[in-house]
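Structure file run_26.csv (CSV, C-alpha atoms) follows.
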```csv
chain,number,residue,atom,x,y,z
A,8,MET,CA,0.0,0.0,0.0
A,9,ASN,CA,2.9,2.4,0.8
A,10,GLU,CA,4.1,2.1,-2.8
A,11,ILE,CA,0.7,3.4,-4.0
A,12,THR,CA,0.3,6.1,-1.5
A,13,THR,CA,3.7,7.6,-2.2
A,14,LEU,CA,3.3,8.2,-5.9
A,15,ASP,CA,5.1,11.2,-7.1
A,16,THR,CA,2.2,13.7,-7.6
A,17,SER,CA,4.5,16.0,-9.7
A,18,ASN,CA,5.1,13.2,-12.2
A,19,TYR,CA,2.2,13.3,-14.7
A,20,GLU,CA,3.2,10.0,-16.4
A,21,ALA,CA,3.2,8.0,-13.2
A,22,MET,CA,0.0,9.5,-11.9
A,23,ALA,CA,-1.8,9.2,-15.3
A,24,LYS,CA,-0.9,5.5,-15.5
A,25,ALA,CA,-2.4,4.9,-12.1
A,26,MET,CA,-5.6,6.8,-13.0
A,27,GLY,CA,-6.3,4.8,-16.2
A,28,MET,CA,-4.9,7.4,-18.7
A,29,SER,CA,-2.5,4.7,-20.0
A,30,SER,CA,-1.6,1.1,-19.4
A,31,MET,CA,-0.5,-0.1,-16.0
A,32,ALA,CA,-0.6,-3.4,-14.1
A,33,LEU,CA,-2.2,-3.2,-10.6
A,34,PRO,CA,-0.2,-5.1,-8.0
A,35,THR,CA,-2.3,-4.8,-4.9
A,36,LYS,CA,-4.5,-7.6,-3.6
A,37,GLU,CA,-6.0,-6.1,-0.5
A,38,LYS,CA,-9.7,-6.6,0.4
A,39,THR,CA,-11.9,-3.6,-0.2
A,40,ASN,CA,-15.3,-2.4,0.8
A,41,SER,CA,-18.4,-1.9,-1.4
A,42,LEU,CA,-18.8,1.3,-3.3
A,43,ALA,CA,-21.9,3.4,-3.9
A,44,ARG,CA,-23.2,3.2,-7.5
A,45,LEU,CA,-23.9,6.3,-9.5
A,46,ARG,CA,-26.5,6.0,-12.3
A,47,ILE,CA,-29.0,8.0,-14.3
A,48,HIS,CA,-32.6,7.4,-13.3
A,49,HIS,CA,-34.8,7.6,-16.4
A,50,THR,CA,-38.3,7.3,-15.0
A,51,PRO,CA,-40.2,9.4,-12.4
A,52,LEU,CA,-40.7,8.1,-8.9
A,53,MET,CA,-44.3,8.3,-7.9
A,54,GLY,CA,-45.8,8.9,-4.4
A,55,GLN,CA,-49.2,9.8,-2.9
A,56,THR,CA,-50.6,12.9,-1.3
A,57,GLU,CA,-54.0,13.8,0.1
A,58,VAL,CA,-56.0,16.3,-2.0
A,59,LYS,CA,-59.5,17.2,-0.7
A,60,GLY,CA,-59.7,14.1,1.4
A,61,LYS,CA,-58.6,11.7,-1.4
A,62,MET,CA,-55.2,10.1,-2.0
A,63,THR,CA,-53.7,11.2,-5.3
A,64,ASN,CA,-50.6,9.9,-7.2
A,65,ILE,CA,-47.9,12.6,-7.6
A,66,GLU,CA,-44.4,12.6,-9.0
A,67,VAL,CA,-42.0,12.9,-6.1
A,68,VAL,CA,-38.8,12.5,-8.1
A,69,SER,CA,-38.6,13.4,-11.7
A,70,GLY,CA,-37.0,11.3,-14.4
A,71,GLY,CA,-33.6,12.2,-15.8
A,72,VAL,CA,-31.9,12.6,-12.5
A,73,TYR,CA,-28.7,11.1,-11.1
A,74,LYS,CA,-29.2,8.5,-8.4
A,75,LEU,CA,-26.7,7.3,-5.9
A,76,GLU,CA,-27.3,3.8,-4.5
A,77,ILE,CA,-25.6,3.3,-1.1
A,78,PRO,CA,-24.8,-0.4,-0.4
A,79,ASP,CA,-27.2,-1.6,2.3
A,80,GLY,CA,-28.6,1.9,2.6
A,81,GLU,CA,-30.8,4.5,1.0
A,82,THR,CA,-30.8,5.8,-2.6
A,83,TYR,CA,-30.5,9.6,-3.3
A,84,TYR,CA,-31.4,11.6,-6.3
A,85,ALA,CA,-30.2,15.0,-7.7
A,86,GLU,CA,-30.6,16.8,-11.0
A,87,SER,CA,-26.9,17.6,-11.1
A,88,VAL,CA,-23.7,16.3,-9.6
A,89,ALA,CA,-20.1,17.3,-9.1
A,90,ILE,CA,-17.8,14.4,-9.8
A,91,ARG,CA,-14.2,14.2,-8.9
A,92,PRO,CA,-12.9,11.4,-11.0
A,93,PHE,CA,-10.0,9.4,-9.6
A,94,LEU,CA,-9.5,6.8,-12.3
A,95,GLN,CA,-11.2,5.0,-15.2
A,96,ARG,CA,-11.2,1.4,-16.3
A,97,PHE,CA,-13.0,-0.6,-19.0
A,98,MET,CA,-15.3,-3.6,-18.5
A,99,TYR,CA,-16.6,-5.9,-21.2
A,100,LYS,CA,-20.1,-7.4,-20.9
A,101,ARG,CA,-22.1,-9.8,-23.0
A,102,PHE,CA,-25.9,-10.0,-22.4
A,103,VAL,CA,-27.3,-13.5,-22.3
A,104,LYS,CA,-31.1,-13.8,-22.5
A,105,GLY,CA,-32.7,-16.0,-19.9
A,106,ASN,CA,-35.4,-18.6,-20.2
A,107,ASP,CA,-38.0,-20.1,-17.9
A,108,SER,CA,-35.4,-21.5,-15.5
A,109,THR,CA,-32.5,-18.9,-15.9
A,110,PRO,CA,-32.9,-15.1,-15.6
A,111,ASN,CA,-31.4,-12.6,-18.0
A,112,ARG,CA,-27.8,-12.0,-17.1
A,113,PHE,CA,-24.5,-10.3,-18.1
A,114,VAL,CA,-21.4,-12.4,-18.8
A,115,LYS,CA,-18.2,-10.6,-17.9
A,116,PRO,CA,-15.2,-12.2,-19.6
A,117,ALA,CA,-12.7,-10.0,-17.9
A,118,GLY,CA,-12.3,-7.6,-14.9
A,119,TYR,CA,-11.5,-3.9,-15.1
A,120,ILE,CA,-8.9,-3.6,-17.8
A,121,ALA,CA,-6.3,-0.9,-18.1
A,122,ASP,CA,-4.4,-2.6,-21.0
A,123,PHE,CA,-6.5,-4.4,-23.6
A,124,LYS,CA,-3.5,-5.5,-25.6
A,125,ALA,CA,-2.1,-7.4,-22.6
A,126,LEU,CA,-4.9,-9.9,-22.7
A,127,PRO,CA,-4.6,-13.3,-24.4
A,128,GLU,CA,-5.5,-13.1,-28.1
A,129,LYS,CA,-8.5,-15.3,-27.7
A,130,MET,CA,-9.8,-13.1,-25.0
A,131,GLN,CA,-9.3,-10.1,-27.1
A,132,ASP,CA,-11.3,-11.7,-30.0
A,133,LEU,CA,-14.2,-12.5,-27.6
A,134,ILE,CA,-14.2,-9.0,-26.1
A,135,ARG,CA,-14.4,-7.4,-29.6
A,136,GLN,CA,-17.7,-9.2,-30.1
A,137,ILE,CA,-19.3,-7.7,-26.9
A,138,LYS,CA,-20.3,-4.5,-25.2
A,139,ARG,CA,-17.6,-2.1,-23.8
A,140,THR,CA,-18.3,-0.2,-20.6
A,141,ARG,CA,-16.4,2.8,-19.3
A,142,VAL,CA,-16.1,2.5,-15.6
A,143,VAL,CA,-15.4,5.7,-13.6
A,144,PHE,CA,-14.3,5.7,-10.0
A,145,GLY,CA,-14.3,8.8,-7.9
A,146,THR,CA,-16.2,10.9,-5.3
A,147,VAL,CA,-19.5,12.6,-6.0
A,148,ASP,CA,-21.3,15.6,-4.5
A,149,MET,CA,-25.0,15.5,-5.1
A,150,VAL,CA,-26.4,19.0,-5.7
A,151,THR,CA,-29.6,19.6,-3.7
A,152,PRO,CA,-30.2,15.9,-3.2
A,153,VAL,CA,-33.5,14.3,-2.2
A,154,ASN,CA,-34.5,10.8,-1.0
A,155,ALA,CA,-37.0,8.4,-2.6
A,156,ASN,CA,-39.9,10.4,-1.0
A,157,GLY,CA,-38.7,13.7,-2.5
A,158,ASP,CA,-37.6,15.0,0.8
A,159,SER,CA,-34.4,17.2,1.0
A,160,VAL,CA,-31.4,15.5,2.6
A,161,ASP,CA,-27.8,16.2,3.3
A,162,ILE,CA,-25.1,13.9,1.9
A,163,ASP,CA,-21.4,14.1,2.3
A,164,SER,CA,-19.0,13.6,-0.7
A,165,THR,CA,-19.2,9.9,-1.5
A,166,PRO,CA,-16.9,7.4,-3.2
A,167,PHE,CA,-18.7,5.8,-6.1
A,168,ILE,CA,-18.4,3.6,-9.2
A,169,TRP,CA,-20.3,4.5,-12.4
A,170,GLU,CA,-20.5,2.0,-15.2
A,171,VAL,CA,-21.2,4.0,-18.4
A,172,GLU,CA,-22.7,1.6,-20.9
A,173,ASN,CA,-24.7,3.7,-23.4
A,174,ARG,CA,-22.7,4.4,-26.5
A,175,ASP,CA,-23.3,8.1,-26.5
A,176,ALA,CA,-22.7,8.4,-22.8
A,177,PHE,CA,-19.5,6.4,-23.2
A,178,LYS,CA,-18.3,8.9,-25.8
A,179,THR,CA,-19.3,11.9,-23.7
A,180,MET,CA,-17.3,10.8,-20.6
A,181,GLY,CA,-14.5,9.7,-22.9
A,182,ASP,CA,-14.2,13.2,-24.3
A,183,VAL,CA,-13.7,14.5,-20.8
A,184,PHE,CA,-10.8,12.2,-20.1
A,185,ALA,CA,-9.4,12.8,-23.6
A,186,LYS,CA,-9.4,16.6,-22.9
A,187,LEU,CA,-7.6,16.0,-19.6
A,188,SER,CA,-5.0,13.9,-21.4
A,189,LYS,CA,-4.3,16.5,-24.1
A,190,MET,CA,-3.8,19.1,-21.4
A,191,GLN,CA,-1.7,16.8,-19.3
A,192,ARG,CA,-4.0,17.2,-16.4
A,193,LEU,CA,-4.9,14.4,-14.0
A,194,PRO,CA,-8.6,13.5,-13.6
A,195,VAL,CA,-8.4,14.0,-9.8
A,196,GLN,CA,-7.3,17.6,-10.3
A,197,HIS,CA,-10.7,18.8,-11.6
A,198,TYR,CA,-14.4,18.4,-11.0
A,199,ILE,CA,-16.8,17.3,-13.7
A,200,ASN,CA,-20.2,19.1,-13.4
A,201,ALA,CA,-22.8,16.9,-14.8
A,202,THR,CA,-26.5,17.3,-15.7
A,203,THR,CA,-28.6,15.2,-18.1
A,204,GLU,CA,-30.1,15.6,-21.6
A,205,ARG,CA,-33.5,14.2,-22.6
A,206,ARG,CA,-33.7,12.1,-25.7
A,207,GLU,CA,-37.0,11.1,-27.2
A,208,LEU,CA,-37.9,7.5,-28.4
A,209,PRO,CA,-40.2,6.7,-31.3
A,210,ASN,CA,-42.8,5.2,-28.9
A,211,GLY,CA,-43.1,8.5,-27.1
A,212,SER,CA,-41.1,7.7,-24.1
A,213,ALA,CA,-37.7,9.1,-23.3
A,214,PHE,CA,-34.3,8.4,-21.9
A,215,TYR,CA,-31.5,10.6,-20.6
A,216,LEU,CA,-27.8,11.0,-21.4
A,217,PRO,CA,-25.1,12.7,-19.3
A,218,ASN,CA,-24.1,16.3,-20.1
A,219,ALA,CA,-20.6,16.6,-18.6
A,220,GLU,CA,-18.6,19.8,-18.4
A,221,LEU,CA,-15.0,19.8,-17.1
A,222,ASN,CA,-14.4,22.5,-14.6
A,223,LEU,CA,-11.0,24.0,-15.4
A,224,SER,CA,-11.5,27.1,-13.3
A,225,GLU,CA,-10.4,25.3,-10.2
A,226,THR,CA,-7.4,22.9,-9.7
A,227,LEU,CA,-7.8,20.5,-6.8
A,228,ASP,CA,-4.8,19.6,-4.6
A,229,ILE,CA,-3.5,16.0,-4.5
A,230,ASP,CA,-3.0,15.8,-0.8
A,231,ASN,CA,-2.5,12.8,1.5
A,232,ASP,CA,-6.3,12.2,1.8
A,233,THR,CA,-6.5,12.2,-2.0
A,234,GLN,CA,-3.6,9.7,-2.3
A,235,GLU,CA,-5.2,7.4,0.3
A,236,ASN,CA,-8.5,7.5,-1.7
A,237,LEU,CA,-6.6,6.7,-4.9
A,238,ALA,CA,-5.0,3.7,-3.1
A,239,SER,CA,-8.4,2.5,-2.0
A,240,PHE,CA,-9.9,2.7,-5.5
A,241,LEU,CA,-6.9,0.8,-6.9
A,242,ALA,CA,-7.2,-1.8,-4.2
A,243,TRP,CA,-10.9,-2.2,-5.0
A,244,VAL,CA,-10.2,-2.7,-8.7
A,245,ALA,CA,-7.4,-5.2,-7.9
A,246,ASN,CA,-9.8,-7.1,-5.5
A,247,TYR,CA,-12.4,-7.4,-8.3
A,248,ASN,CA,-9.9,-8.5,-10.8
A,249,GLU,CA,-8.5,-11.1,-8.4
A,250,TYR,CA,-12.1,-12.4,-8.1
A,251,ILE,CA,-12.3,-12.7,-11.9
A,252,SER,CA,-8.9,-14.3,-12.1
A,253,GLY,CA,-9.8,-16.8,-9.4
A,254,ALA,CA,-12.9,-17.8,-11.4
A,255,TRP,CA,-10.8,-18.1,-14.5
A,256,ASN,CA,-8.1,-20.3,-12.8
A,257,GLU,CA,-10.8,-22.6,-11.3
A,258,ASN,CA,-12.4,-23.1,-14.7
A,259,MET,CA,-9.2,-23.6,-16.5
A,260,GLN,CA,-8.6,-26.7,-14.4
A,261,LYS,CA,-11.7,-28.2,-16.1
A,262,HIS,CA,-11.1,-27.0,-19.7
A,263,GLN,CA,-8.1,-27.3,-21.9
A,264,SER,CA,-9.1,-24.6,-24.4
A,265,VAL,CA,-10.7,-21.2,-24.1
A,266,ASP,CA,-13.9,-20.6,-26.0
A,267,THR,CA,-17.1,-18.6,-25.6
A,268,GLU,CA,-18.9,-21.3,-23.7
A,269,THR,CA,-16.0,-21.6,-21.2
A,270,VAL,CA,-15.9,-17.9,-20.6
A,271,GLU,CA,-19.7,-17.7,-20.0
A,272,SER,CA,-19.5,-20.6,-17.5
A,273,PHE,CA,-17.0,-19.0,-15.2
A,274,ILE,CA,-18.3,-15.4,-15.2
A,275,ASP,CA,-22.1,-15.6,-14.8
A,276,ILE,CA,-22.9,-12.6,-12.6
A,277,THR,CA,-25.0,-9.5,-12.8
A,278,ALA,CA,-23.7,-5.9,-12.8
A,279,GLU,CA,-24.5,-5.5,-9.1
A,280,GLU,CA,-23.4,-8.8,-7.6
A,281,PHE,CA,-19.9,-8.0,-6.7
A,282,ALA,CA,-20.2,-4.3,-5.8
```
Encoding of this model in structure tokens:
Amino acid sequence: MNEITTLDTSNYEAMAKAMGMSSMALPTKEKTNSLARLRIHHTPLMGQTEVKGKMTNIEVVSGGVYKLEIPDGETYYAESVAIRPFLQRFMYKRFVKGNDSTPNRFVKPAGYIADFKALPEKMQDLIRQIKRTRVVFGTVDMVTPVNANGDSVDIDSTPFIWEVENRDAFKTMGDVFAKLSKMQRLPVQHYINATTERRELPNGSAFYLPNAELNLSETLDIDNDTQENLASFLAWVANYNEYISGAWNENMQKHQSVDTETVESFIDITAEEFA
């Protein structure tokens, strides 16, 4: 852990590698805690209120807001958030439709990847056939948050994971990291101020995409607390990848070749199961 927490913060290349701006192997294997999950909530939350002696359905939380799901806790909502990104990784998922006895599920053929080219060639071929997800780790401040009842609440800055799956959202968040890279700025040095944009569907319903603006007016310090948080995120990622690697090794004892069916059999989990 000391090797991670004493990174040279004046060395852009070293810090950029650790934060997912270029390739780097992650050595730590420490156990980590669960992280809150940040998502966009697309549909309104309904509640009831009494009007002239009758209970009436009302919208208590609008659609198109960010929601923060606390493990074993409450879920909070806000129309805008301030994200301090610590690092990004990439995850690859393949959707498998269920049947009468098996629910719909995601197959994850690899953990959080910093260097795609370092994977075995057969794994690379499989991953090219499936969905790529940008995974952002950081802390988030919910702006004027409410709970599921629409009541105002106070929430401290919270460590989170956000799996950005939508293709347009993937590009939007990627543009932010690309801009930082061109400027040789580290993700953790700036906030991303994010709202959402409504997109209409042919059937009349709607979904929402992130609208992310990099705040370059303020440069955040990389102090001891920041380095400790970075170490915790790296440990969390390493712990997840160790779990994936363990499943791989266990299955490889039963199979002599690697194919799609093998990969599906050793990683058969949903997006929420591990975190």
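Taking atom CA of Ile65 of chain A as the reference point, atom CA of Val160 of chain A is found at 19.6 Å.
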Please identify all polymer residues within 8 Å of Leu237 of chain A, counting only C-alpha atoms, omitting same-chain residues fewer than 2 positions from it, and present them as a ChimeraX atom specification.
/A:12,93-94,233-235,239-241
Write the residues of the preceding selection, restricted to C-alpha atoms, as a PDB file, in the frame of the given file.
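Okay, out28.pdb is ready:
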```
ATOM      1  CA  THR A  12       0.300   6.100  -1.500  1.00  0.00           C
ATOM      2  CA  PHE A  93     -10.000   9.400  -9.600  1.00  0.00           C
ATOM      3  CA  LEU A  94      -9.500   6.800 -12.300  1.00  0.00           C
ATOM      4  CA  THR A 233      -6.500  12.200  -2.000  1.00  0.00           C
ATOM      5  CA  GLN A 234      -3.600   9.700  -2.300  1.00  0.00           C
ATOM      6  CA  GLU A 235      -5.200   7.400   0.300  1.00  0.00           C
ATOM      7  CA  SER A 239      -8.400   2.500  -2.000  1.00  0.00           C
ATOM      8  CA  PHE A 240      -9.900   2.700  -5.500  1.00  0.00           C
ATOM      9  CA  LEU A 241      -6.900   0.800  -6.900  1.00  0.00           C
TER      10      LEU A 241
END
```
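Near Ala89 of chain A, within a cut-off of 10 Å and counting all atoms listed in the file, sit the residues Thr146, Val147, Asp148, Met149, Val150, Ser164, His197, Tyr198, Ile199, Asn200, Ala201, Thr202, Ala219, Glu220, Leu221 and Asn222 of chain A, with same-chain residues fewer than 4 positions away left out.
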Using all atoms listed in the file, which of A:Asn106, A:Gly145, A:Gln95, A:Ala43 sits nearest Gly80 of chain A?
A:Ala43
Residues within 12 Å of Leu223 of chain A, please, as a list of chain:residue names. Count only C-alpha atoms; anything in the same chain fewer than 4 positions from it doesn't count.
A:Val183, A:Lys186, A:Leu187, A:Met190, A:Arg192, A:Leu193, A:Pro194, A:Val195, A:Gln196, A:His197, A:Tyr198, A:Ile199, A:Asn200, A:Leu227
Can I get the selected residues back with C-alpha atoms, as a short mmCIF file (atom, residue, chain, number, x, y, z; two decimals), in the coordinates of the input?
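Contents of the output file selection_33.cif:
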```
data_model
loop_
_atom_site.label_atom_id
_atom_site.label_comp_id
_atom_site.auth_asym_id
_atom_site.auth_seq_id
_atom_site.Cartn_x
_atom_site.Cartn_y
_atom_site.Cartn_z
CA VAL A 183 -13.70 14.50 -20.80
CA LYS A 186 -9.40 16.60 -22.90
CA LEU A 187 -7.60 16.00 -19.60
CA MET A 190 -3.80 19.10 -21.40
CA ARG A 192 -4.00 17.20 -16.40
CA LEU A 193 -4.90 14.40 -14.00
CA PRO A 194 -8.60 13.50 -13.60
CA VAL A 195 -8.40 14.00 -9.80
CA GLN A 196 -7.30 17.60 -10.30
CA HIS A 197 -10.70 18.80 -11.60
CA TYR A 198 -14.40 18.40 -11.00
CA ILE A 199 -16.80 17.30 -13.70
CA ASN A 200 -20.20 19.10 -13.40
CA LEU A 227 -7.80 20.50 -6.80
#
```
With the input short on atoms, add N, CA, C and O atoms back to segment 185-204 of chain A and write it as a PDB file, in the coordinates of the input.
```
ATOM      1  N   ALA A 185     -10.248  12.492 -22.497  1.00  0.00           N
ATOM      2  CA  ALA A 185      -9.400  12.800 -23.600  1.00  0.00           C
ATOM      3  C   ALA A 185      -8.872  14.286 -23.492  1.00  0.00           C
ATOM      4  O   ALA A 185      -7.706  14.590 -23.765  1.00  0.00           O
ATOM      5  N   LYS A 186      -9.763  15.177 -23.096  1.00  0.00           N
ATOM      6  CA  LYS A 186      -9.400  16.600 -22.900  1.00  0.00           C
ATOM      7  C   LYS A 186      -8.356  16.726 -21.819  1.00  0.00           C
ATOM      8  O   LYS A 186      -7.377  17.488 -21.962  1.00  0.00           O
ATOM      9  N   LEU A 187      -8.551  16.019 -20.720  1.00  0.00           N
ATOM     10  CA  LEU A 187      -7.600  16.000 -19.600  1.00  0.00           C
ATOM     11  C   LEU A 187      -6.217  15.545 -20.103  1.00  0.00           C
ATOM     12  O   LEU A 187      -5.171  16.110 -19.765  1.00  0.00           O
ATOM     13  N   SER A 188      -6.226  14.476 -20.893  1.00  0.00           N
ATOM     14  CA  SER A 188      -5.000  13.900 -21.400  1.00  0.00           C
ATOM     15  C   SER A 188      -4.235  14.872 -22.277  1.00  0.00           C
ATOM     16  O   SER A 188      -3.016  15.030 -22.162  1.00  0.00           O
ATOM     17  N   LYS A 189      -4.949  15.527 -23.176  1.00  0.00           N
ATOM     18  CA  LYS A 189      -4.300  16.500 -24.100  1.00  0.00           C
ATOM     19  C   LYS A 189      -3.695  17.650 -23.308  1.00  0.00           C
ATOM     20  O   LYS A 189      -2.661  18.201 -23.706  1.00  0.00           O
ATOM     21  N   MET A 190      -4.342  18.020 -22.210  1.00  0.00           N
ATOM     22  CA  MET A 190      -3.800  19.100 -21.400  1.00  0.00           C
ATOM     23  C   MET A 190      -2.800  18.660 -20.373  1.00  0.00           C
ATOM     24  O   MET A 190      -2.236  19.478 -19.647  1.00  0.00           O
ATOM     25  N   GLN A 191      -2.551  17.363 -20.343  1.00  0.00           N
ATOM     26  CA  GLN A 191      -1.700  16.800 -19.300  1.00  0.00           C
ATOM     27  C   GLN A 191      -2.131  17.148 -17.926  1.00  0.00           C
ATOM     28  O   GLN A 191      -1.336  17.508 -17.061  1.00  0.00           O
ATOM     29  N   ARG A 192      -3.421  17.036 -17.731  1.00  0.00           N
ATOM     30  CA  ARG A 192      -4.000  17.200 -16.400  1.00  0.00           C
ATOM     31  C   ARG A 192      -4.544  15.904 -15.923  1.00  0.00           C
ATOM     32  O   ARG A 192      -5.029  15.075 -16.701  1.00  0.00           O
ATOM     33  N   LEU A 193      -4.443  15.675 -14.630  1.00  0.00           N
ATOM     34  CA  LEU A 193      -4.900  14.400 -14.000  1.00  0.00           C
ATOM     35  C   LEU A 193      -6.403  14.532 -13.722  1.00  0.00           C
ATOM     36  O   LEU A 193      -6.880  15.600 -13.325  1.00  0.00           O
ATOM     37  N   PRO A 194      -7.146  13.433 -13.879  1.00  0.00           N
ATOM     38  CA  PRO A 194      -8.600  13.500 -13.600  1.00  0.00           C
ATOM     39  C   PRO A 194      -8.910  14.023 -12.209  1.00  0.00           C
ATOM     40  O   PRO A 194      -9.854  14.806 -12.035  1.00  0.00           O
ATOM     41  N   VAL A 195      -8.130  13.617 -11.223  1.00  0.00           N
ATOM     42  CA  VAL A 195      -8.400  14.000  -9.800  1.00  0.00           C
ATOM     43  C   VAL A 195      -8.193  15.455  -9.543  1.00  0.00           C
ATOM     44  O   VAL A 195      -8.580  15.953  -8.489  1.00  0.00           O
ATOM     45  N   GLN A 196      -7.597  16.186 -10.475  1.00  0.00           N
ATOM     46  CA  GLN A 196      -7.300  17.600 -10.300  1.00  0.00           C
ATOM     47  C   GLN A 196      -8.511  18.505 -10.587  1.00  0.00           C
ATOM     48  O   GLN A 196      -8.452  19.708 -10.328  1.00  0.00           O
ATOM     49  N   HIS A 197      -9.581  17.929 -11.149  1.00  0.00           N
ATOM     50  CA  HIS A 197     -10.700  18.800 -11.600  1.00  0.00           C
ATOM     51  C   HIS A 197     -12.044  18.076 -11.306  1.00  0.00           C
ATOM     52  O   HIS A 197     -12.139  16.846 -11.288  1.00  0.00           O
ATOM     53  N   TYR A 198     -13.062  18.888 -11.140  1.00  0.00           N
ATOM     54  CA  TYR A 198     -14.400  18.400 -11.000  1.00  0.00           C
ATOM     55  C   TYR A 198     -15.046  18.301 -12.441  1.00  0.00           C
ATOM     56  O   TYR A 198     -14.712  19.071 -13.343  1.00  0.00           O
ATOM     57  N   ILE A 199     -15.950  17.344 -12.579  1.00  0.00           N
ATOM     58  CA  ILE A 199     -16.800  17.300 -13.700  1.00  0.00           C
ATOM     59  C   ILE A 199     -18.229  17.634 -13.257  1.00  0.00           C
ATOM     60  O   ILE A 199     -18.792  16.956 -12.400  1.00  0.00           O
ATOM     61  N   ASN A 200     -18.784  18.716 -13.770  1.00  0.00           N
ATOM     62  CA  ASN A 200     -20.200  19.100 -13.400  1.00  0.00           C
ATOM     63  C   ASN A 200     -21.100  18.481 -14.433  1.00  0.00           C
ATOM     64  O   ASN A 200     -20.992  18.721 -15.640  1.00  0.00           O
ATOM     65  N   ALA A 201     -22.013  17.647 -13.943  1.00  0.00           N
ATOM     66  CA  ALA A 201     -22.800  16.900 -14.800  1.00  0.00           C
ATOM     67  C   ALA A 201     -24.325  17.063 -14.583  1.00  0.00           C
ATOM     68  O   ALA A 201     -24.785  17.057 -13.437  1.00  0.00           O
ATOM     69  N   THR A 202     -25.052  17.267 -15.672  1.00  0.00           N
ATOM     70  CA  THR A 202     -26.500  17.300 -15.700  1.00  0.00           C
ATOM     71  C   THR A 202     -26.927  16.157 -16.662  1.00  0.00           C
ATOM     72  O   THR A 202     -26.120  15.287 -17.000  1.00  0.00           O
ATOM     73  N   THR A 203     -28.178  16.176 -17.118  1.00  0.00           N
ATOM     74  CA  THR A 203     -28.600  15.200 -18.100  1.00  0.00           C
ATOM     75  C   THR A 203     -29.338  15.871 -19.257  1.00  0.00           C
ATOM     76  O   THR A 203     -29.827  16.993 -19.133  1.00  0.00           O
ATOM     77  N   GLU A 204     -29.391  15.176 -20.387  1.00  0.00           N
ATOM     78  CA  GLU A 204     -30.100  15.600 -21.600  1.00  0.00           C
ATOM     79  C   GLU A 204     -31.194  14.604 -21.919  1.00  0.00           C
ATOM     80  O   GLU A 204     -30.932  13.409 -21.937  1.00  0.00           O
TER      81      GLU A 204
END
```
